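Dumped target-v8.txt below, it's compact mmCIF, C-alpha atoms and all ligand atoms:
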```txt
# COMPACT_ATOMS: atom_id res chain seq x y z
CA MET A 22 23.43 -10.29 -12.34
CA ASN A 23 20.52 -9.14 -14.49
CA THR A 24 17.00 -10.20 -15.46
CA HIS A 25 18.43 -13.01 -17.60
CA ASP A 26 19.11 -14.82 -14.34
CA LEU A 27 15.41 -14.63 -13.43
CA ASP A 28 12.72 -16.89 -14.83
CA LEU A 29 10.05 -14.39 -15.89
CA LEU A 30 6.36 -15.19 -16.34
CA GLU A 31 3.93 -13.40 -18.60
CA LEU A 32 0.25 -12.76 -18.02
CA GLU A 33 -2.19 -11.74 -20.72
CA THR A 34 -3.26 -8.64 -18.80
CA GLN A 35 0.29 -7.54 -18.02
CA GLN A 36 1.08 -4.03 -19.27
CA HIS A 37 3.88 -3.36 -21.75
CA LEU A 38 5.36 0.07 -21.06
CA ASP A 39 8.37 1.90 -22.50
CA GLU A 40 10.68 0.85 -19.67
CA GLY A 41 9.39 -2.71 -19.41
CA VAL A 42 6.44 -4.77 -18.25
CA PHE A 43 4.14 -3.86 -15.38
CA PRO A 44 4.26 -5.62 -13.09
CA LEU A 45 7.37 -7.76 -13.43
CA ILE A 46 6.47 -11.39 -12.67
CA VAL A 47 9.15 -13.78 -11.43
CA ASN A 48 8.60 -17.52 -11.48
CA CYS A 49 10.02 -19.25 -8.42
CA GLU A 50 8.46 -22.68 -8.89
CA HIS A 51 11.79 -24.44 -9.22
CA LEU A 52 12.27 -23.88 -5.49
CA VAL A 53 9.25 -25.99 -4.58
CA ALA A 54 10.36 -29.45 -5.61
CA ALA A 55 13.72 -29.64 -3.89
CA ASP A 56 14.64 -31.91 -0.95
CA ASP A 57 11.22 -32.56 0.65
CA GLU A 58 11.97 -35.80 2.42
CA GLY A 59 11.23 -37.39 5.77
CA GLU A 60 8.24 -37.06 8.09
CA PRO A 61 6.20 -33.87 7.97
CA ASP A 62 7.43 -31.57 10.69
CA ALA A 63 6.12 -27.99 10.82
CA ALA A 64 9.19 -26.51 12.52
CA ALA A 65 11.61 -28.25 10.16
CA ASP A 66 9.49 -27.24 7.14
CA ALA A 67 9.50 -23.59 8.24
CA ALA A 68 13.28 -23.68 8.64
CA ARG A 69 13.69 -25.30 5.21
CA VAL A 70 11.52 -22.67 3.56
CA ALA A 71 13.43 -19.86 5.28
CA ALA A 72 16.76 -21.32 4.17
CA ARG A 73 15.62 -21.75 0.55
CA VAL A 74 14.16 -18.29 0.36
CA ALA A 75 17.30 -16.71 1.82
CA LYS A 76 19.50 -18.67 -0.57
CA TRP A 77 17.50 -17.40 -3.54
CA VAL A 78 16.89 -13.80 -2.46
CA GLU A 79 20.18 -12.77 -0.88
CA PRO A 80 22.44 -12.91 -3.98
CA ARG A 81 19.72 -11.13 -5.97
CA ARG A 82 18.88 -8.36 -3.50
CA ALA A 83 20.52 -5.49 -5.35
CA GLU A 84 19.15 -6.62 -8.72
CA LEU A 85 15.62 -7.10 -7.39
CA ASP A 86 15.73 -3.66 -5.81
CA ARG A 87 16.87 -2.10 -9.09
CA LEU A 88 14.10 -3.89 -10.98
CA LEU A 89 11.57 -2.77 -8.39
CA SER A 90 12.49 0.90 -8.87
CA ARG A 91 12.21 0.52 -12.63
CA HIS A 92 9.02 -1.54 -12.91
CA GLY A 93 7.27 -0.36 -9.74
CA ALA A 94 5.94 -3.78 -8.70
CA VAL A 95 7.31 -7.34 -8.72
CA LEU A 96 5.09 -10.40 -8.32
CA PHE A 97 6.90 -13.48 -7.00
CA ARG A 98 4.92 -16.58 -7.94
CA GLY A 99 5.62 -20.17 -7.01
CA PHE A 100 7.64 -19.76 -3.83
CA PRO A 101 6.75 -22.48 -1.30
CA LEU A 102 5.29 -19.92 1.11
CA VAL A 103 2.33 -21.10 3.18
CA THR A 104 2.39 -19.61 6.65
CA VAL A 105 2.88 -16.15 8.06
CA GLU A 106 6.31 -17.34 9.28
CA ASP A 107 7.26 -18.24 5.70
CA PHE A 108 6.28 -14.75 4.58
CA ASP A 109 8.24 -13.24 7.46
CA ALA A 110 11.32 -15.21 6.36
CA PHE A 111 10.88 -13.98 2.79
CA ILE A 112 10.77 -10.36 3.94
CA LEU A 113 13.78 -10.82 6.22
CA ALA A 114 15.86 -12.11 3.30
CA PHE A 115 15.57 -8.68 1.62
CA ASP A 116 17.11 -7.00 4.68
CA TYR A 117 15.06 -3.81 4.33
CA PRO A 118 14.41 -1.69 7.44
CA ASN A 119 11.01 -2.42 9.01
CA PHE A 120 8.27 0.26 9.20
CA ARG A 121 6.07 -0.57 12.18
CA TYR A 122 2.30 -0.16 11.96
CA ARG A 123 2.46 1.14 15.53
CA ASP A 124 4.58 4.08 14.38
CA SER A 125 2.41 4.87 11.37
CA LEU A 126 -0.41 7.42 11.13
CA SER A 127 -2.47 5.11 8.90
CA ASN A 128 -6.27 5.35 9.17
CA ALA A 129 -6.78 1.60 8.67
CA VAL A 130 -7.44 -0.88 11.46
CA ARG A 131 -4.88 -3.66 11.28
CA VAL A 132 -3.88 -6.65 13.34
CA ASN A 133 -0.24 -7.64 13.74
CA ARG A 134 0.54 -11.32 13.00
CA THR A 135 4.29 -11.03 13.60
CA GLU A 136 6.50 -8.05 14.40
CA ARG A 137 6.72 -7.24 10.67
CA VAL A 138 3.51 -8.71 9.27
CA PHE A 139 -0.07 -7.54 9.71
CA THR A 140 -3.46 -7.93 8.07
CA ALA A 141 -3.69 -5.57 5.11
CA ASN A 142 -7.00 -3.97 6.12
CA GLU A 143 -9.75 -5.22 8.40
CA ALA A 144 -12.54 -3.49 6.43
CA PRO A 145 -15.47 -5.78 5.44
CA PRO A 146 -15.32 -7.69 2.10
CA ASP A 147 -17.85 -5.49 0.31
CA VAL A 148 -15.85 -2.31 1.04
CA GLU A 149 -13.56 -1.29 -1.82
CA ILE A 150 -10.25 0.24 -0.81
CA TYR A 151 -9.55 2.73 -3.58
CA MET A 152 -6.08 3.26 -4.96
CA HIS A 153 -3.54 5.16 -2.94
CA HIS A 154 0.09 5.46 -2.03
CA GLU A 155 0.46 3.94 1.41
CA MET A 156 0.10 6.66 4.08
CA ALA A 157 0.64 9.52 1.61
CA GLN A 158 -2.03 11.40 3.58
CA THR A 159 0.44 11.63 6.47
CA PRO A 160 3.96 13.05 6.80
CA VAL A 161 5.47 9.56 7.38
CA TYR A 162 5.12 6.77 4.84
CA PRO A 163 6.87 3.54 3.86
CA SER A 164 9.17 3.30 0.84
CA ARG A 165 8.02 -0.19 -0.18
CA LEU A 166 5.31 -2.71 0.67
CA PHE A 167 5.18 -6.48 0.65
CA PHE A 168 1.83 -8.23 0.17
CA PHE A 169 1.38 -11.97 0.68
CA CYS A 170 -1.60 -14.05 -0.33
CA GLU A 171 -2.18 -16.50 2.50
CA LEU A 172 -5.63 -17.38 1.14
CA PRO A 173 -7.24 -16.04 -2.06
CA ALA A 174 -10.88 -14.95 -1.92
CA ASP A 175 -13.55 -17.31 -3.29
CA GLU A 176 -14.42 -14.59 -5.79
CA ALA A 177 -12.74 -11.32 -6.87
CA GLY A 178 -10.56 -9.53 -4.27
CA ALA A 179 -7.69 -8.57 -6.59
CA THR A 180 -5.21 -5.91 -5.55
CA PRO A 181 -5.23 -3.24 -8.26
CA VAL A 182 -1.92 -1.44 -8.82
CA CYS A 183 -1.36 1.67 -10.93
CA ARG A 184 1.78 3.45 -12.10
CA SER A 185 1.61 6.92 -10.62
CA ASP A 186 4.11 8.48 -13.04
CA LEU A 187 1.85 7.53 -15.96
CA LEU A 188 -1.19 8.81 -14.10
CA TRP A 189 0.49 12.17 -13.44
CA GLN A 190 1.45 12.51 -17.11
CA ARG A 191 -2.18 11.87 -18.13
CA ILE A 192 -3.44 14.39 -15.55
CA LYS A 193 -1.03 17.04 -16.87
CA ASP A 194 -2.19 16.33 -20.45
CA GLU A 195 -5.94 16.18 -19.80
CA LEU A 196 -6.43 18.36 -16.71
CA PRO A 197 -3.68 21.00 -16.95
CA GLU A 198 -5.37 23.55 -14.68
CA PHE A 199 -6.00 21.03 -11.96
CA ALA A 200 -2.46 19.67 -12.34
CA ALA A 201 -0.92 23.12 -11.95
CA ALA A 202 -3.05 23.93 -8.89
CA ALA A 203 -2.35 20.60 -7.20
CA GLU A 204 1.38 20.87 -7.81
CA ALA A 205 1.61 24.48 -6.60
CA ARG A 206 -0.77 24.32 -3.63
CA GLY A 207 -0.52 20.76 -2.27
CA LEU A 208 -3.31 19.07 -0.32
CA LEU A 209 -4.83 19.04 3.16
CA TYR A 210 -6.46 15.90 4.57
CA THR A 211 -9.09 15.92 7.31
CA ASN A 212 -10.13 12.75 9.06
CA VAL A 213 -12.46 12.13 11.99
CA MET A 214 -10.95 9.40 14.15
CA PRO A 215 -13.11 7.47 16.62
CA ASP A 216 -12.34 7.17 20.31
CA SER A 217 -11.87 3.41 19.91
CA ASP A 218 -11.13 1.28 16.82
CA ASP A 219 -14.05 0.79 14.42
CA ALA A 220 -13.22 -2.29 12.34
CA GLY A 221 -16.34 -1.76 10.23
CA SER A 222 -14.73 1.21 8.49
CA GLY A 223 -11.80 1.36 6.07
CA GLN A 224 -10.48 4.29 8.15
CA GLY A 225 -11.70 3.25 11.56
CA ARG A 226 -8.43 3.48 13.48
CA SER A 227 -8.92 5.34 16.74
CA TRP A 228 -7.04 8.53 17.57
CA ARG A 229 -5.50 6.69 20.55
CA SER A 230 -4.00 4.07 18.27
CA THR A 231 -3.13 6.52 15.47
CA PHE A 232 -1.17 8.84 17.72
CA PHE A 233 -0.10 6.09 20.15
CA ALA A 234 -1.66 8.14 22.95
CA ASP A 235 -3.59 7.25 26.11
CA THR A 236 -4.82 10.78 26.75
CA ARG A 237 -5.94 13.80 24.74
CA GLU A 238 -2.87 15.69 25.96
CA GLU A 239 -0.55 13.04 24.53
CA ALA A 240 -2.42 13.06 21.21
CA GLU A 241 -2.22 16.86 21.09
CA ALA A 242 1.53 16.80 21.77
CA ARG A 243 2.06 14.36 18.87
CA MET A 244 -0.16 16.41 16.53
CA THR A 245 1.70 19.60 17.43
CA THR A 246 5.01 17.96 16.53
CA LEU A 247 3.54 16.79 13.21
CA GLY A 248 1.99 20.16 12.35
CA TYR A 249 -1.65 18.97 12.52
CA SER A 250 -4.61 21.12 13.56
CA TRP A 251 -7.55 19.52 15.37
CA GLU A 252 -10.94 19.73 17.03
CA TRP A 253 -12.41 17.40 19.67
CA MET A 254 -15.96 16.27 18.92
CA PRO A 255 -18.74 15.82 21.52
CA ASP A 256 -18.76 12.01 21.07
CA GLY A 257 -15.06 11.74 21.93
CA SER A 258 -13.86 11.48 18.34
CA LEU A 259 -11.16 13.75 16.93
CA ARG A 260 -11.27 15.79 13.73
CA ALA A 261 -7.64 16.14 12.66
CA THR A 262 -6.23 18.04 9.67
CA THR A 263 -2.74 17.45 8.33
CA PRO A 264 -0.26 20.19 7.46
CA THR A 265 -0.14 20.92 3.72
CA LEU A 266 1.34 17.87 2.01
CA PRO A 267 2.65 17.77 -1.56
CA ALA A 268 0.37 16.29 -4.25
CA VAL A 269 3.28 15.50 -6.55
CA ARG A 270 6.71 14.10 -5.84
CA THR A 271 9.88 13.90 -7.95
CA LEU A 272 11.76 10.61 -7.70
CA ASP A 273 15.55 10.27 -7.66
CA ASP A 274 15.54 9.33 -11.36
CA GLY A 275 13.58 12.48 -12.28
CA ARG A 276 10.19 10.85 -12.81
CA GLN A 277 7.30 12.81 -11.32
CA VAL A 278 4.55 10.88 -9.55
CA PHE A 279 1.05 11.77 -8.34
CA PHE A 280 1.98 10.86 -4.76
CA ASN A 281 -1.02 11.49 -2.50
CA GLN A 282 -4.20 9.96 -1.11
CA LEU A 283 -6.65 11.88 -3.26
CA ILE A 284 -8.39 8.99 -5.05
CA ALA A 285 -8.89 6.86 -1.94
CA GLY A 286 -10.01 9.83 0.12
CA PHE A 287 -12.35 11.31 -2.47
CA ARG A 288 -13.99 8.00 -3.31
CA GLY A 289 -13.78 6.07 -0.16
CA TRP A 290 -13.41 7.97 3.09
CA LYS A 291 -17.05 7.50 3.90
CA ASP A 292 -18.26 6.20 7.22
CA ALA A 293 -20.43 7.33 10.15
CA ARG A 294 -17.91 10.10 10.92
CA ASN A 295 -16.41 11.05 7.57
CA ASP A 296 -17.77 12.75 4.46
CA PRO A 297 -15.43 12.24 1.47
CA SER A 298 -16.52 15.51 -0.13
CA LYS A 299 -15.00 17.41 2.81
CA ALA A 300 -11.99 15.24 3.51
CA ILE A 301 -9.50 16.77 1.08
CA THR A 302 -8.91 20.34 -0.07
CA PHE A 303 -6.07 22.24 -1.68
CA GLY A 304 -3.35 23.29 0.73
CA ASP A 305 -4.92 26.74 1.14
CA ALA A 306 -8.24 25.07 2.14
CA ALA A 307 -9.88 25.94 -1.20
CA PRO A 308 -12.21 23.19 -2.53
CA LEU A 309 -11.06 20.83 -5.27
CA ASP A 310 -12.56 20.83 -8.76
CA ARG A 311 -14.81 17.76 -8.35
CA ASP A 312 -15.12 17.09 -12.08
CA ALA A 313 -11.35 17.01 -12.41
CA VAL A 314 -11.04 14.60 -9.49
CA HIS A 315 -13.73 12.31 -10.92
CA ARG A 316 -11.85 12.30 -14.22
CA LEU A 317 -8.48 11.49 -12.70
CA CYS A 318 -10.08 8.63 -10.71
CA ASP A 319 -11.31 7.23 -14.03
CA ILE A 320 -7.85 7.59 -15.59
CA ALA A 321 -6.34 5.66 -12.66
CA ASP A 322 -8.92 2.88 -13.29
CA GLU A 323 -7.84 2.75 -16.93
CA LEU A 324 -4.20 2.38 -15.90
CA ALA A 325 -4.80 -0.25 -13.21
CA PHE A 326 -3.49 -3.79 -13.32
CA ASP A 327 -5.39 -6.26 -11.10
CA ILE A 328 -3.10 -8.70 -9.31
CA PRO A 329 -4.86 -12.07 -9.63
CA TRP A 330 -3.91 -13.61 -6.30
CA ARG A 331 -2.82 -17.22 -5.93
CA GLN A 332 -1.96 -18.79 -2.59
CA GLY A 333 1.72 -18.13 -1.85
CA ASP A 334 2.10 -15.09 -4.11
CA VAL A 335 4.17 -12.19 -2.84
CA VAL A 336 4.08 -8.74 -4.41
CA LEU A 337 6.71 -6.14 -3.67
CA VAL A 338 5.53 -2.61 -4.45
CA ASP A 339 7.56 0.60 -4.74
CA ASN A 340 5.31 2.90 -2.71
CA TYR A 341 6.66 6.05 -4.38
CA LEU A 342 5.98 4.87 -7.92
CA VAL A 343 2.89 2.67 -7.64
CA MET A 344 -0.54 3.02 -6.02
CA HIS A 345 -2.49 0.03 -4.73
CA GLY A 346 -6.02 -0.72 -3.56
CA ARG A 347 -8.32 -3.66 -2.79
CA ARG A 348 -11.26 -4.89 -4.84
CA PRO A 349 -14.33 -6.12 -2.97
CA TYR A 350 -14.55 -9.91 -2.65
CA ARG A 351 -16.49 -12.93 -1.42
CA GLY A 352 -15.11 -15.57 0.91
CA LYS A 353 -12.34 -15.48 3.47
CA ARG A 354 -9.51 -13.68 1.62
CA LYS A 355 -6.34 -13.32 3.67
CA VAL A 356 -3.76 -10.94 2.24
CA LEU A 357 -1.04 -9.89 4.66
CA ALA A 358 1.22 -6.88 4.42
CA SER A 359 4.55 -5.63 5.65
CA LEU A 360 6.02 -2.17 5.22
CA VAL A 361 9.57 -1.00 4.62
CA ALA A 362 10.89 2.20 6.15
CA ALA A 363 12.43 4.86 3.92
FE FE2 A 401 -2.79 0.49 1.48
```
As C-alpha cells, what does this structure read like?
Amino acid sequence: MNTHDLDLLELETQQHLDEGVFPLIVNCEHLVAADDEGEPDAAADAARVAARVAKWVEPRRAELDRLLSRHGAVLFRGFPLVTVEDFDAFILAFDYPNFRYRDSLSNAVRVNRTERVFTANEAPPDVEIYMHHEMAQTPVYPSRLFFFCELPADEAGATPVCRSDLLWQRIKDELPEFAAAAEARGLLYTNVMPDSDDAGSGQGRSWRSTFFADTREEAEARMTTLGYSWEWMPDGSLRATTPTLPAVRTLDDGRQVFFNQLIAGFRGWKDARNDPSKAITFGDAAPLDRDAVHRLCDIADELAFDIPWRQGDVVLVDNYLVMHGRRPYRGKRKVLASLVAA
C-alpha cells in the first residue's frame, strides 16, 4: 500500500519540500456518507464511527506511520468525528502505546477527558503557546501527538507546526557559533512550579502534579531519580532545574533536528513566578546569546505552517521531527490532544 491508495488534499499554504508536502493532508470525506439510517442513537452512532474508523485505519497503519516519519505531520480531514469518544476510537485504531499526562513532567495544566485524551492546554485564549517539541524540556517525552478539533475558535487559534530539521539547517547556516555551542553544551531548563495548579499560566502545573507527589520528600525523591536540582521558595513554590538535556537530536534516518524547548521557553515562560530570560541556559549554566535566540525564533516563524482547524480534523504529529504551538484566539476553541509513548 502506498500514498496512491490515499485521497490527498492540497491547501494553498501547504509547503512543498524536497521529500514531499508539509503537512500531508488526507481526505476522509468518503467515510461520512455511508450507512446512516434509522433513528438517531448516540451509542449506536459512536459504535458506527469507531467501526468505520478502525476499518479505514487498521490496514493503513504501517503506511501512515511511514508517511508520518517522512512528512512530519498528517492532517486527516473529513472523518465523521464529533465527540471525544470518536477521537478516542480514532487513536485506538492506530494501536500506539499511550503516554499518560499523569506520568509526564509537562508544565502545562491539562484536564483529562478520557484515559487517553486531554485538553491541549488550559491557558487563556490571549496567551500564545510558542513552538516546541512536546516535553523536550524534560527527560521523558512522547514520540507522537494526536490533536483533534472538537470546536474551532470563532477567530484565529491555528496550531502552527514547523519542521525542526529545516530549522536546524537554517540555524547552522546563519548562526554557526550558536549552533556549535548548543550542540556541544546542551541546555538547562529552570521552572518555578506553584504549590497548586495555576490555570492562568501556560506553565502553571503544580510541583505536586508534575512530580505526582503529595509531599516535598516525594517530589525530592522523584527529582533525584531524574537528575534535577531544586530550591524551595518561601511561598511554597519549587524552583527546579533539569539535568543537561541535548539541544539537537539525530533521528534514525540520519536527519538532525533542533529538538528542545528553547523557543517556547525564551518567548513564553512568563508568569508571576517565571522570567523567560532566566529560564534556559547552556548546559554549563552560561547564558545564551539572546540575539541568536531571537533570530532563530524568527526563522521558526518563517518555516511555520498554520493548521486551519475545521471541526472533526485530526492531526498526527511526529514529535521528534516537528514542533507545534498555539496561536491566540477568540471564542470557545476546543482542541484535544493525546500522546504516544516512545
Ligand atoms: Fe505542546
Shell around Ile112 in chain A at 10 Å using only C-alpha atoms, local window under 4 positions removed, as an MDAnalysis selection string:
chainID A and resid 71 74:75 78 106:108 116:117 119 137:138 166:168 335 337 359:361
List the neighbours of Ala94 in chain A out to 8 Å using all atoms listed in the file; skip same-chain residues closer than 4 positions along the sequence, and give me the result as a PDB file with C-alpha atoms, keeping the file's coordinate frame.
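Done, and the output landed in around37.pdb:
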```
ATOM      1  CA  PHE A  43       4.140  -3.860 -15.380  1.00  0.00           C
ATOM      2  CA  PRO A  44       4.260  -5.620 -13.090  1.00  0.00           C
ATOM      3  CA  LEU A  45       7.370  -7.760 -13.430  1.00  0.00           C
ATOM      4  CA  LEU A  89      11.570  -2.770  -8.390  1.00  0.00           C
ATOM      5  CA  VAL A 336       4.080  -8.740  -4.410  1.00  0.00           C
ATOM      6  CA  LEU A 337       6.710  -6.140  -3.670  1.00  0.00           C
ATOM      7  CA  VAL A 338       5.530  -2.610  -4.450  1.00  0.00           C
ATOM      8  CA  ASP A 339       7.560   0.600  -4.740  1.00  0.00           C
ATOM      9  CA  VAL A 343       2.890   2.670  -7.640  1.00  0.00           C
TER      10      VAL A 343
END
```
Within 10 Å of ligand FE2 401 (chain A), which residues show up when you count only C-alpha atoms and all ligand atoms? List them as a ChimeraX atom specification, please.
/A:127-129,141-142,150-157,166,168,180,282,285,340,344-347,358,360
Can I get the selected residues back with C-alpha atoms, as a PDB file, in the coordinates of the input?
```pdb
ATOM      1  CA  SER A 127      -2.470   5.110   8.900  1.00  0.00           C
ATOM      2  CA  ASN A 128      -6.270   5.350   9.170  1.00  0.00           C
ATOM      3  CA  ALA A 129      -6.780   1.600   8.670  1.00  0.00           C
ATOM      4  CA  ALA A 141      -3.690  -5.570   5.110  1.00  0.00           C
ATOM      5  CA  ASN A 142      -7.000  -3.970   6.120  1.00  0.00           C
ATOM      6  CA  ILE A 150     -10.250   0.240  -0.810  1.00  0.00           C
ATOM      7  CA  TYR A 151      -9.550   2.730  -3.580  1.00  0.00           C
ATOM      8  CA  MET A 152      -6.080   3.260  -4.960  1.00  0.00           C
ATOM      9  CA  HIS A 153      -3.540   5.160  -2.940  1.00  0.00           C
ATOM     10  CA  HIS A 154       0.090   5.460  -2.030  1.00  0.00           C
ATOM     11  CA  GLU A 155       0.460   3.940   1.410  1.00  0.00           C
ATOM     12  CA  MET A 156       0.100   6.660   4.080  1.00  0.00           C
ATOM     13  CA  ALA A 157       0.640   9.520   1.610  1.00  0.00           C
ATOM     14  CA  LEU A 166       5.310  -2.710   0.670  1.00  0.00           C
ATOM     15  CA  PHE A 168       1.830  -8.230   0.170  1.00  0.00           C
ATOM     16  CA  THR A 180      -5.210  -5.910  -5.550  1.00  0.00           C
ATOM     17  CA  GLN A 282      -4.200   9.960  -1.110  1.00  0.00           C
ATOM     18  CA  ALA A 285      -8.890   6.860  -1.940  1.00  0.00           C
ATOM     19  CA  ASN A 340       5.310   2.900  -2.710  1.00  0.00           C
ATOM     20  CA  MET A 344      -0.540   3.020  -6.020  1.00  0.00           C
ATOM     21  CA  HIS A 345      -2.490   0.030  -4.730  1.00  0.00           C
ATOM     22  CA  GLY A 346      -6.020  -0.720  -3.560  1.00  0.00           C
ATOM     23  CA  ARG A 347      -8.320  -3.660  -2.790  1.00  0.00           C
ATOM     24  CA  ALA A 358       1.220  -6.880   4.420  1.00  0.00           C
ATOM     25  CA  LEU A 360       6.020  -2.170   5.220  1.00  0.00           C
TER      26      LEU A 360
END
```
Could you pull the residues within 10 Å of Glu149 in chain A, counting only C-alpha atoms, minus those fewer than 6 positions along the same chain, as number ranges by chain?
A: 178, 223, 285, 288-289, 346-350
May I ask which of the residues A:Thr140, A:Thr104, A:Ser90, A:Thr211 is the closest one to Asn295 in chain A, counting all atoms listed in the file?
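Checking each candidate against Asn295 in chain A, we get A:Thr211 as the closest.
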